Amino acid sequence: MSKEIVDVIIEGGKASAGAAMGKAFGPLGVNLQAILEEINEKTKDFKGMKVPVKVMVETEDKSFEIEVGSPSVSELIKTEINLKKGSGDQANAKVGNLAIEQIIKIARMKKDSMLANNLKSAVKMVIGSCQSLGLLVESKEAKETSQDVFEGKYDKEINEEMTEVSSEKLERLNSEFRDLEKKQAEVAKAKEEEEKKEAEEPAEGGEAEPVAEGAEEVKPEEGKEEEKK
């Protein structure tokens, strides 16, 4: 029997019979509701995350199989810290702060699909995604923490596959990030005020003041002649 393969990306546990699904499965003549129910059952643990799903349909008997892929690294990171979207200015506007244990947790989940040689390599890849999203790791720039990983600073945590963050450490990281947010807000406000000030200043060499009514305009050449007299 021949197979048709349909790849879709859905929010975990929330696949629905929308136009996209109808267009993808309608021509195959399968029981769409049964497919949606199985997809939602298999992806319910990925609530709030975008999940790739592969549906393989037997064209003759209309039976189907469903394979659920793993969410992207970025999706896992955002879910881990309840982040809606990354920063639009990664260099100057940080939007979160992760502990190395949270990085290890995500690296463990994605190591096989990343084709990483070992967990340490996977950790560095996850940190790279943090940099792209505008996130700090251990209250540092992601590239600095990646260098720390390379130099072995977190070998103990990685080798022991530590994935739980103590409440004390989590509070410290959150406090440090709140301080950074205040500084970022101050910088942004100062920049906005500076731009507003520059916009209000008249352009250099602007229009000359109007001549008073009844007064004659003296041209530069005429003024020089009067001075000679």
# chains A, B, ... in the order shown; residues from 1 in each chain; ligands from 1

$ select_by_dssp --residues "stretch 45-136 of chain A" --states "strand (DSSP E or B)" --output "list of chain:residue names"
A:Lys47, A:Lys50, A:Val51, A:Pro52, A:Val53, A:Lys54, A:Val55, A:Met56, A:Val57, A:Glu58, A:Phe64, A:Glu65, A:Ile66, A:Glu67, A:Val68, A:Gly96, A:Asn97, A:Leu98, A:Leu135, A:Leu136

$ residues_around --residues "stretch 102-109 of chain A" --least-positions-apart "3" --cutoff "6 Å" --atoms "only C-alpha atoms" --output "list in words"
Ala99, Ala122, Val123 and Thr163 of chain A

$ atom_distance --atom1 "atom CA of A:Met125" --atom2 "atom CA of A:Thr79"
17.3 Å

$ residues_around --residues "stretch 52-57 of chain A" --least-positions-apart "2" --cutoff "6 Å" --atoms "only C-alpha atoms" --output "ChimeraX atom specification"
/A:3-9,59,63-69

$ atom_distance --atom1 "atom CA of A:Leu32" --atom2 "atom CA of A:Ala19"
12.0 Å

$ residues_around --residues "stretch 185-187 of chain A" --least-positions-apart "6" --cutoff "12 Å" --atoms "only C-alpha atoms" --output "list in words"
Asn92, Ala93, Lys94, Val95, Arg178, Asp179, Glu193 and Glu194 of chain A

$ closest_residue --among "A:Val165, A:Ile158, A:Leu115, A:Val126" --to "A:Lys143" --atoms "only C-alpha atoms"
A:Val126

$ atom_distance --atom1 "atom CA of A:Glu195" --atom2 "atom CA of A:Glu176"
29.0 Å

$ decode --residues "stretch 146-188 of chain A" --atoms "N, CA and C atoms" --output "PDB file, in the first residue's frame"
ATOM      1  N   SER A 146      28.884  30.573  27.559  1.00  0.00           N
ATOM      2  CA  SER A 146      29.336  29.510  26.654  1.00  0.00           C
ATOM      3  C   SER A 146      30.835  29.292  26.800  1.00  0.00           C
ATOM      4  N   GLN A 147      31.571  30.369  26.956  1.00  0.00           N
ATOM      5  CA  GLN A 147      33.010  30.264  27.169  1.00  0.00           C
ATOM      6  C   GLN A 147      33.310  29.588  28.504  1.00  0.00           C
ATOM      7  N   ASP A 148      32.513  29.906  29.529  1.00  0.00           N
ATOM      8  CA  ASP A 148      32.666  29.261  30.840  1.00  0.00           C
ATOM      9  C   ASP A 148      32.450  27.754  30.715  1.00  0.00           C
ATOM     10  N   VAL A 149      31.460  27.371  29.926  1.00  0.00           N
ATOM     11  CA  VAL A 149      31.192  25.941  29.709  1.00  0.00           C
ATOM     12  C   VAL A 149      32.387  25.291  29.030  1.00  0.00           C
ATOM     13  N   PHE A 150      32.915  25.952  28.018  1.00  0.00           N
ATOM     14  CA  PHE A 150      34.080  25.430  27.285  1.00  0.00           C
ATOM     15  C   PHE A 150      35.269  25.238  28.219  1.00  0.00           C
ATOM     16  N   GLU A 151      35.435  26.171  29.155  1.00  0.00           N
ATOM     17  CA  GLU A 151      36.576  26.115  30.076  1.00  0.00           C
ATOM     18  C   GLU A 151      36.353  25.168  31.253  1.00  0.00           C
ATOM     19  N   GLY A 152      35.157  24.570  31.335  1.00  0.00           N
ATOM     20  CA  GLY A 152      34.912  23.561  32.370  1.00  0.00           C
ATOM     21  C   GLY A 152      34.284  24.049  33.654  1.00  0.00           C
ATOM     22  N   LYS A 153      33.840  25.292  33.698  1.00  0.00           N
ATOM     23  CA  LYS A 153      33.281  25.844  34.925  1.00  0.00           C
ATOM     24  C   LYS A 153      32.045  25.080  35.384  1.00  0.00           C
ATOM     25  N   TYR A 154      31.270  24.560  34.434  1.00  0.00           N
ATOM     26  CA  TYR A 154      30.020  23.873  34.790  1.00  0.00           C
ATOM     27  C   TYR A 154      30.090  22.372  34.515  1.00  0.00           C
ATOM     28  N   ASP A 155      31.294  21.829  34.496  1.00  0.00           N
ATOM     29  CA  ASP A 155      31.452  20.393  34.230  1.00  0.00           C
ATOM     30  C   ASP A 155      30.716  19.537  35.266  1.00  0.00           C
ATOM     31  N   LYS A 156      30.756  19.941  36.526  1.00  0.00           N
ATOM     32  CA  LYS A 156      30.094  19.167  37.583  1.00  0.00           C
ATOM     33  C   LYS A 156      28.594  19.083  37.317  1.00  0.00           C
ATOM     34  N   GLU A 157      27.979  20.233  37.036  1.00  0.00           N
ATOM     35  CA  GLU A 157      26.535  20.247  36.784  1.00  0.00           C
ATOM     36  C   GLU A 157      26.168  19.433  35.540  1.00  0.00           C
ATOM     37  N   ILE A 158      27.002  19.559  34.498  1.00  0.00           N
ATOM     38  CA  ILE A 158      26.716  18.846  33.245  1.00  0.00           C
ATOM     39  C   ILE A 158      26.925  17.345  33.404  1.00  0.00           C
ATOM     40  N   ASN A 159      28.032  16.951  34.012  1.00  0.00           N
ATOM     41  CA  ASN A 159      28.323  15.516  34.187  1.00  0.00           C
ATOM     42  C   ASN A 159      27.293  14.828  35.074  1.00  0.00           C
ATOM     43  N   GLU A 160      26.766  15.545  36.060  1.00  0.00           N
ATOM     44  CA  GLU A 160      25.747  14.987  36.953  1.00  0.00           C
ATOM     45  C   GLU A 160      24.334  15.212  36.416  1.00  0.00           C
ATOM     46  N   GLU A 161      24.259  15.868  35.239  1.00  0.00           N
ATOM     47  CA  GLU A 161      22.973  16.152  34.583  1.00  0.00           C
ATOM     48  C   GLU A 161      21.987  16.814  35.540  1.00  0.00           C
ATOM     49  N   MET A 162      22.459  17.854  36.195  1.00  0.00           N
ATOM     50  CA  MET A 162      21.622  18.584  37.145  1.00  0.00           C
ATOM     51  C   MET A 162      20.610  19.454  36.401  1.00  0.00           C
ATOM     52  N   THR A 163      19.322  19.256  36.700  1.00  0.00           N
ATOM     53  CA  THR A 163      18.266  19.996  36.001  1.00  0.00           C
ATOM     54  C   THR A 163      17.337  20.765  36.946  1.00  0.00           C
ATOM     55  N   GLU A 164      17.555  20.644  38.235  1.00  0.00           N
ATOM     56  CA  GLU A 164      16.715  21.347  39.202  1.00  0.00           C
ATOM     57  C   GLU A 164      17.452  22.577  39.739  1.00  0.00           C
ATOM     58  N   VAL A 165      16.762  23.716  39.756  1.00  0.00           N
ATOM     59  CA  VAL A 165      17.345  24.960  40.258  1.00  0.00           C
ATOM     60  C   VAL A 165      16.807  25.208  41.658  1.00  0.00           C
ATOM     61  N   SER A 166      17.699  25.460  42.611  1.00  0.00           N
ATOM     62  CA  SER A 166      17.242  25.729  43.976  1.00  0.00           C
ATOM     63  C   SER A 166      16.447  27.026  44.007  1.00  0.00           C
ATOM     64  N   SER A 167      15.517  27.130  44.944  1.00  0.00           N
ATOM     65  CA  SER A 167      14.691  28.333  45.049  1.00  0.00           C
ATOM     66  C   SER A 167      15.545  29.554  45.358  1.00  0.00           C
ATOM     67  N   GLU A 168      16.621  29.351  46.148  1.00  0.00           N
ATOM     68  CA  GLU A 168      17.503  30.466  46.485  1.00  0.00           C
ATOM     69  C   GLU A 168      18.222  30.991  45.247  1.00  0.00           C
ATOM     70  N   LYS A 169      18.719  30.077  44.427  1.00  0.00           N
ATOM     71  CA  LYS A 169      19.422  30.497  43.215  1.00  0.00           C
ATOM     72  C   LYS A 169      18.458  31.159  42.240  1.00  0.00           C
ATOM     73  N   LEU A 170      17.266  30.602  42.107  1.00  0.00           N
ATOM     74  CA  LEU A 170      16.273  31.165  41.184  1.00  0.00           C
ATOM     75  C   LEU A 170      15.905  32.581  41.600  1.00  0.00           C
ATOM     76  N   GLU A 171      15.747  32.801  42.891  1.00  0.00           N
ATOM     77  CA  GLU A 171      15.415  34.145  43.377  1.00  0.00           C
ATOM     78  C   GLU A 171      16.560  35.114  43.119  1.00  0.00           C
ATOM     79  N   ARG A 172      17.805  34.624  43.292  1.00  0.00           N
ATOM     80  CA  ARG A 172      18.968  35.487  43.040  1.00  0.00           C
ATOM     81  C   ARG A 172      19.025  35.900  41.567  1.00  0.00           C
ATOM     82  N   LEU A 173      18.839  34.934  40.685  1.00  0.00           N
ATOM     83  CA  LEU A 173      18.874  35.241  39.259  1.00  0.00           C
ATOM     84  C   LEU A 173      17.754  36.199  38.867  1.00  0.00           C
ATOM     85  N   ASN A 174      16.568  35.989  39.432  1.00  0.00           N
ATOM     86  CA  ASN A 174      15.444  36.887  39.138  1.00  0.00           C
ATOM     87  C   ASN A 174      15.704  38.290  39.655  1.00  0.00           C
ATOM     88  N   SER A 175      16.306  38.380  40.847  1.00  0.00           N
ATOM     89  CA  SER A 175      16.619  39.690  41.418  1.00  0.00           C
ATOM     90  C   SER A 175      17.656  40.430  40.570  1.00  0.00           C
ATOM     91  N   GLU A 176      18.670  39.702  40.133  1.00  0.00           N
ATOM     92  CA  GLU A 176      19.701  40.311  39.290  1.00  0.00           C
ATOM     93  C   GLU A 176      19.116  40.774  37.956  1.00  0.00           C
ATOM     94  N   PHE A 177      18.163  40.012  37.453  1.00  0.00           N
ATOM     95  CA  PHE A 177      17.553  40.418  36.185  1.00  0.00           C
ATOM     96  C   PHE A 177      16.646  41.635  36.370  1.00  0.00           C
ATOM     97  N   ARG A 178      15.948  41.717  37.499  1.00  0.00           N
ATOM     98  CA  ARG A 178      15.113  42.891  37.770  1.00  0.00           C
ATOM     99  C   ARG A 178      15.958  44.155  37.833  1.00  0.00           C
ATOM    100  N   ASP A 179      17.144  44.050  38.426  1.00  0.00           N
ATOM    101  CA  ASP A 179      18.058  45.196  38.475  1.00  0.00           C
ATOM    102  C   ASP A 179      18.467  45.613  37.063  1.00  0.00           C
ATOM    103  N   LEU A 180      18.744  44.623  36.227  1.00  0.00           N
ATOM    104  CA  LEU A 180      19.124  44.914  34.841  1.00  0.00           C
ATOM    105  C   LEU A 180      17.976  45.579  34.087  1.00  0.00           C
ATOM    106  N   GLU A 181      16.758  45.095  34.324  1.00  0.00           N
ATOM    107  CA  GLU A 181      15.589  45.688  33.663  1.00  0.00           C
ATOM    108  C   GLU A 181      15.447  47.170  34.001  1.00  0.00           C
ATOM    109  N   LYS A 182      15.713  47.526  35.254  1.00  0.00           N
ATOM    110  CA  LYS A 182      15.637  48.929  35.657  1.00  0.00           C
ATOM    111  C   LYS A 182      16.669  49.767  34.903  1.00  0.00           C
ATOM    112  N   LYS A 183      17.888  49.241  34.794  1.00  0.00           N
ATOM    113  CA  LYS A 183      18.942  49.954  34.072  1.00  0.00           C
ATOM    114  C   LYS A 183      18.584  50.097  32.597  1.00  0.00           C
ATOM    115  N   GLN A 184      18.030  49.027  32.004  1.00  0.00           N
ATOM    116  CA  GLN A 184      17.640  49.087  30.600  1.00  0.00           C
ATOM    117  C   GLN A 184      16.553  50.135  30.386  1.00  0.00           C
ATOM    118  N   ALA A 185      15.622  50.226  31.335  1.00  0.00           N
ATOM    119  CA  ALA A 185      14.530  51.205  31.228  1.00  0.00           C
ATOM    120  C   ALA A 185      15.079  52.622  31.327  1.00  0.00           C
ATOM    121  N   GLU A 186      16.058  52.827  32.208  1.00  0.00           N
ATOM    122  CA  GLU A 186      16.667  54.158  32.356  1.00  0.00           C
ATOM    123  C   GLU A 186      17.404  54.570  31.091  1.00  0.00           C
ATOM    124  N   VAL A 187      18.134  53.634  30.509  1.00  0.00           N
ATOM    125  CA  VAL A 187      18.875  53.915  29.273  1.00  0.00           C
ATOM    126  C   VAL A 187      17.907  54.237  28.140  1.00  0.00           C
ATOM    127  N   ALA A 188      16.835  53.452  28.052  1.00  0.00           N
ATOM    128  CA  ALA A 188      15.846  53.674  26.991  1.00  0.00           C
ATOM    129  C   ALA A 188      15.170  55.037  27.148  1.00  0.00           C
TER     130      ALA A 188
END
